[in-house]
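These notes are about the structure you will find just below.
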Amino acid sequence: MVVDRKPLNWWERSYLPAIAGGFRVTWRHFANTVFRRKSVTMQYPEEKWVMPEGYRGAPYLVSDVDGHTKCVSCQLCEFICPPKAILITPPGPAGMAADRPNAEKMPREFEINMLRCIFCGLCQEVCPEEAIFLQKDYSLTGLARGEMIYNKEKLLKLGGVDTGIQKWKQKLDEAREQEVFPVQGSAS
Amino acid sequence: MFESVQYWDPAAQFVLFSALKILVVFGVTLVFVSLSVVAERRVSAWIQDRVGPNRVGIPFTNIRFLGLGQMLADGLKFLLKEDFTPNYVRTVYFWLAPAITLIPAFLTLAVIPFGSTLGNPNNRMVIANLNVGILYTFGVVSLGVYGIVLAGYASNSKYPFLGGIRSSAQMISYEIAMGLSVIPIFLLVGSLNLGDVVGYQSGGLHTWLVWKQPLAFFIFLIAAFAETNRLPFDMPESESELIGGYHTEYSSMKFALFFLGEYANMIASCSMMVTLFFGGWTPPWGAEAATTLWAGLGHLACFLVKVIGMMLLFIWVRWMLPRFRYDQLMDLGWRRFIPIALFNILVTAFVVALWQR
């Protein structure tokens with residue numbers, strides 16, 4: 001492609017039209033920013049982006065609508081976690097019972113090291129209980145490494161309430177609808 | 001305590017007042033430099049639809065104060081950074097160059113009349129009331145190029161060297177246009193003393209020399225851009241081509257001195273333009289030398305406002321125009337401005353000669 005270079009006339013060669021044009025453009029932007037407040041800058045820590053649905057931020061544990069922990073300490077997420085960021089302490093054979101009816105157990109401690117976590121979402125994908133979700137937080141800060149290891153209490157608080165299914169409660173309700181309770185044999 | 005000063009020996013009084021004026025001018029210039037750095041960043045941001053530094057306020061509080069705390073933060077940053085000298089530089093010149101750049105910039109301010117008096121008619125608000133003021137200025141300003149050339153040479157590295165070479169060529173060629181452009185002023189005024197130049201323009205807005213000599217002002221302004229290495233003529237620096245030019249190898253306080261020198265130069269040339277073309281310290285409605293303290297302070301404020309206006313022009317132009325190509329720059333200096341300035345001298349000389357007959 002050949003670009004046609006038109007010879008400039010003397011008026012254009014005096015640089016004055018270019019300077020006037022430059023002033024017009026800069027003044028327009030200046031006036032827009034200063035008088036009409038149309039700057040493109042977002043005042044970040046005060047205002048933040050609205051994250052789209054499906055955004056993969058930090059993984060947090062969620063509670064069900066009754067305020068119970070959904071996690072049953074199956075440790076699937078711990079095993080799949082590529083950077084080994086999750087550490088679950090199961091209750092053990094004679095450990096504490098789950099805080100909701102019919103569920104077998106709940107973790108005694110559930111820690112995610114947010115310095116290791118890569119926000120990949122495998123824990124959410126593998127979870128049979130829908131107890132852990134990648135949420136919309138992306139800017140996690142702390143003053144020490146220890147602060148960045150989030151424990152169960154903190155994760156549950158940050159995770160909030162999930163309005164999805166309550167698997168064990170549902171199973172319990174289904175079972176109660178049966179004539180015989182508890183259900184005998186392997187019938188569903 | 002202060003009353004006893006008037007019984008002192010006149011020479012001692014002169015020394016005292018000169019020292020005071022030097023200190024105040026130096027301090028005000030330093031504050032102005034840091035203010036203009038912040039102003040530069042804010043104005044550039046506004047022109048580019050951004051916000052600019054608006055966070056840093058008064059330390060240890062949540063008061064933002066328009067982001068003016070950035071001045072302190074910038075200065076502190078330069079002070080605390082590691083002062084690094086690369087091992088391949090020519091050390092003596094490397095250390096000397098920033099000082100040589102900075103000193104002429106401040107020396108120029110000595111002859112600028114930045115106010116009339118503060119009540120006492122014997123104590124004029126100018127550090128050195130030279131009767132060759134403008135010659136002194138040109139003499140000192142041309143020293144400024146040595147610092148930059150020396151920095152380019154001492155850095156012993158190719159980009160600073162190119163920057164130094166460009167700077168010497170550019171500054172020397174624009175010095176001529178600058179010198180020629182102010183000759184008509186002195187043909188009209190009939191004196192080289194900058195105080196007399198201000199006196200000539202003290203009748204108010206219509207007596208300002210910018211109306212009588214717009215061509216001279218125009219050439220002086222553009223030459224001032226070139227002399228202070230500002231865009232559109234920042235060849236010696238040209239970040240995108242020479243990664244900073246002559247100060248590529250400099251860091252910390254030595255870089256800060258170059259920075260300071262550049263902005264002090266800007267302030268000096270703005271003050272010079274205000275003095276030569278915009279009536280110096282006289283307000284737009286005209287004024288005689290002040291007889292009271294308050295009138296004197298008013299004149300100082302008037303001068304500062306005019307200088308701030310010129311600084312804003314400098315800043316605005318930087319973000320408005322792209323950099324000139326090197327040959328265009330030289331072409332503009334030698335083949336346009338020098339002939340125009342000569343023509344302007346001739347016409348002015350004819351008019352003055354006819355007028356006085």
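Residues in the structure tokens are named by chain (A, B, ... in the order shown) and by number from 1 within that chain; ligands are numbered from 1 in the order shown.
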Taking 3 positions as the minimum chain separation for residues in the same chain, which residues sit within 8 Å of Pro236 (chain B) when counting only C-alpha atoms? Answer as a tab-separated table (two decimals) with N, CA and C atoms, in the first residue's frame.
```
chain	number	residue	atom	x	y	z
B	162	LEU	N	24.46	10.56	23.12
B	162	LEU	CA	23.61	11.15	22.07
B	162	LEU	C	22.81	12.31	22.63
B	163	GLY	N	22.29	12.14	23.85
B	163	GLY	CA	21.50	13.20	24.46
B	163	GLY	C	22.34	14.45	24.65
B	164	GLY	N	23.57	14.25	25.10
B	164	GLY	CA	24.44	15.39	25.32
B	164	GLY	C	24.74	16.12	24.03
B	165	ILE	N	24.99	15.35	22.96
B	165	ILE	CA	25.29	15.98	21.68
B	165	ILE	C	24.10	16.78	21.18
B	166	ARG	N	22.93	16.14	21.26
B	166	ARG	CA	21.72	16.83	20.81
B	166	ARG	C	21.52	18.12	21.58
B	167	SER	N	21.71	17.99	22.89
B	167	SER	CA	21.48	19.15	23.75
B	167	SER	C	22.38	20.30	23.37
B	229	ASN	N	14.70	22.40	27.45
B	229	ASN	CA	14.55	20.98	27.09
B	229	ASN	C	13.15	20.47	27.32
B	242	LEU	N	15.80	7.89	23.51
B	242	LEU	CA	17.09	7.81	24.18
B	242	LEU	C	16.96	7.36	25.63
B	244	GLY	N	15.74	8.55	28.23
B	244	GLY	CA	16.09	9.53	29.26
B	244	GLY	C	17.29	10.38	28.89
B	245	GLY	N	17.96	10.05	27.78
B	245	GLY	CA	19.05	10.90	27.33
B	245	GLY	C	20.14	11.08	28.36
B	246	TYR	N	20.50	12.33	28.59
B	246	TYR	CA	21.69	12.59	29.39
B	246	TYR	C	21.57	12.09	30.82
```
*Name the residues of region 17-88 of chain A that fall into strand (DSSP E or B) according to DSSP on the backbone, using the chain letters and numbers of this document, as a VMD selection string.*
chain A and resid 59 to 61 63 69 86 to 88
Take the residues from that selection and write them out as an mmCIF file, in the first residue's frame, keeping C-alpha atoms.
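The result, stored in out-v8.cif:
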```cif
data_model
loop_
_atom_site.group_PDB
_atom_site.id
_atom_site.type_symbol
_atom_site.label_atom_id
_atom_site.label_comp_id
_atom_site.auth_asym_id
_atom_site.auth_seq_id
_atom_site.Cartn_x
_atom_site.Cartn_y
_atom_site.Cartn_z
ATOM 1 C CA PRO A 59 -12.594 -20.244 47.422
ATOM 2 C CA TYR A 60 -14.668 -19.987 50.591
ATOM 3 C CA LEU A 61 -16.781 -22.484 52.510
ATOM 4 C CA SER A 63 -23.218 -22.489 55.046
ATOM 5 C CA THR A 69 -21.587 -26.136 57.657
ATOM 6 C CA ILE A 86 -6.133 -26.911 51.449
ATOM 7 C CA LEU A 87 -5.523 -28.666 54.763
ATOM 8 C CA ILE A 88 -8.449 -30.460 56.377
#
```
*Where does DSSP see alpha helix (DSSP H) in region 144-349 of chain B, if you list the residues as a ChimeraX atom specification?*
/B:144-154,158-189,194-200,209-212,214-227,239-242,252-277,293-320,326-331,338-349
_Taking only C-alpha atoms into account and nothing else, which residues of chain B lie no more than 6 Å away from chain A? Please answer as a PyMOL selection string._
chain B and resi 46-47+49-50+320
_Can you pull out the residues contacting Glu40 (chain B)? Cut-off 12 Å, using only C-alpha atoms, and skip same-chain residues under 5 positions away; I want them as a list in words._
Phe32, Val33, Ser34, Leu35, Ala45, Trp46, Ile47, Gly52, Pro53, Gln70, Met71, Arg230, Tyr263, Ile308, Met311, Leu312, Leu313, Phe314, Ile315, Trp316, Val317, Arg318 and Trp319 of chain B
Selection export as a PDB file, in the first residue's frame, atoms kept: C-alpha atoms:
```pdb
ATOM      1  CA  PHE B  32       7.595  26.072  43.155  1.00  0.00           C
ATOM      2  CA  VAL B  33       9.621  23.289  41.580  1.00  0.00           C
ATOM      3  CA  SER B  34       7.876  20.625  43.617  1.00  0.00           C
ATOM      4  CA  LEU B  35       4.521  22.304  43.070  1.00  0.00           C
ATOM      5  CA  ALA B  45      -3.775  13.489  33.873  1.00  0.00           C
ATOM      6  CA  TRP B  46      -6.663  15.836  33.216  1.00  0.00           C
ATOM      7  CA  ILE B  47      -5.701  16.184  29.576  1.00  0.00           C
ATOM      8  CA  GLY B  52      -3.568  12.062  38.631  1.00  0.00           C
ATOM      9  CA  PRO B  53      -2.010  11.937  42.083  1.00  0.00           C
ATOM     10  CA  GLN B  70       2.828  14.235  46.684  1.00  0.00           C
ATOM     11  CA  MET B  71       5.384  17.053  46.745  1.00  0.00           C
ATOM     12  CA  ARG B 230      10.798  20.859  27.265  1.00  0.00           C
ATOM     13  CA  TYR B 263      12.155  22.927  36.517  1.00  0.00           C
ATOM     14  CA  ILE B 308       2.159  30.414  37.474  1.00  0.00           C
ATOM     15  CA  MET B 311       4.185  27.635  33.916  1.00  0.00           C
ATOM     16  CA  LEU B 312       0.746  26.287  33.098  1.00  0.00           C
ATOM     17  CA  LEU B 313       1.347  27.244  29.470  1.00  0.00           C
ATOM     18  CA  PHE B 314       4.640  25.314  29.538  1.00  0.00           C
ATOM     19  CA  ILE B 315       2.956  22.298  31.083  1.00  0.00           C
ATOM     20  CA  TRP B 316       0.052  22.407  28.695  1.00  0.00           C
ATOM     21  CA  VAL B 317       2.283  22.601  25.649  1.00  0.00           C
ATOM     22  CA  ARG B 318       4.197  19.577  26.840  1.00  0.00           C
ATOM     23  CA  TRP B 319       1.076  17.431  26.741  1.00  0.00           C
TER      24      TRP B 319
END
```
*Considering only C-alpha atoms, return as an NGL selection string whatever protein or nucleic-acid residues lie within 12 Å of Val50 (chain A), sequence-local ones (same chain, fewer than 5 positions apart) excluded.*
:A and (42 or 44 or 55 or 136-138)
*Calculate how many Å separate CA of Ile112 (chain A) from CA of Asn151 (chain A), rounding to one decimal.*
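If I compute the distance from CA of Ile112 (chain A) to CA of Asn151 (chain A), I get 6.7 Å.
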*Can you list, as a PyMOL selection string, every protein, DNA or RNA residue that comes within 12 Å of region 288-294 of chain B when you count only C-alpha atoms, leaving out same-chain residues fewer than 5 positions away?*
chain B and resi 113-125+195-196+198-204+279-283+299-301
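With only C-alpha atoms as the atoms that count, the residue of B:Ser240, B:Ser191, B:Thr137, B:Gln170 with the shortest distance to Phe106 (chain B) is B:Thr137.
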For Val352 (chain B), find every residue with an atom within 10 Å (counting only C-alpha atoms), except residues of its own chain fewer than 5 positions away, and show them as a CSV table (one decimal) with N, CA and C atoms, in the first residue's frame.
```csv
chain,number,residue,atom,x,y,z
B,184,PRO,N,14.7,43.8,20.1
B,184,PRO,CA,13.7,44.9,19.9
B,184,PRO,C,13.2,45.5,21.2
B,187,LEU,N,15.6,48.0,22.3
B,187,LEU,CA,15.5,49.1,21.4
B,187,LEU,C,14.4,50.0,21.9
B,188,LEU,N,13.3,49.4,22.3
B,188,LEU,CA,12.1,50.2,22.7
B,188,LEU,C,12.4,50.8,24.1
B,346,LEU,N,15.1,44.8,12.6
B,346,LEU,CA,15.2,45.9,11.6
B,346,LEU,C,14.0,46.7,11.6
B,347,VAL,N,12.8,46.1,11.6
B,347,VAL,CA,11.5,46.8,11.6
B,347,VAL,C,11.4,47.7,12.8
B,357,ARG,N,12.4,60.9,15.6
B,357,ARG,CA,12.8,62.1,14.9
B,357,ARG,C,11.8,63.2,15.0
```
*Find the residues near Pro82 (chain A): any atom within 10 Å, counting only C-alpha atoms, skip ones fewer than 3 places away on the same chain, and give them as an NGL selection string.*
:A and (77-79 or 85-86 or 116-118 or 120 or 122-123)
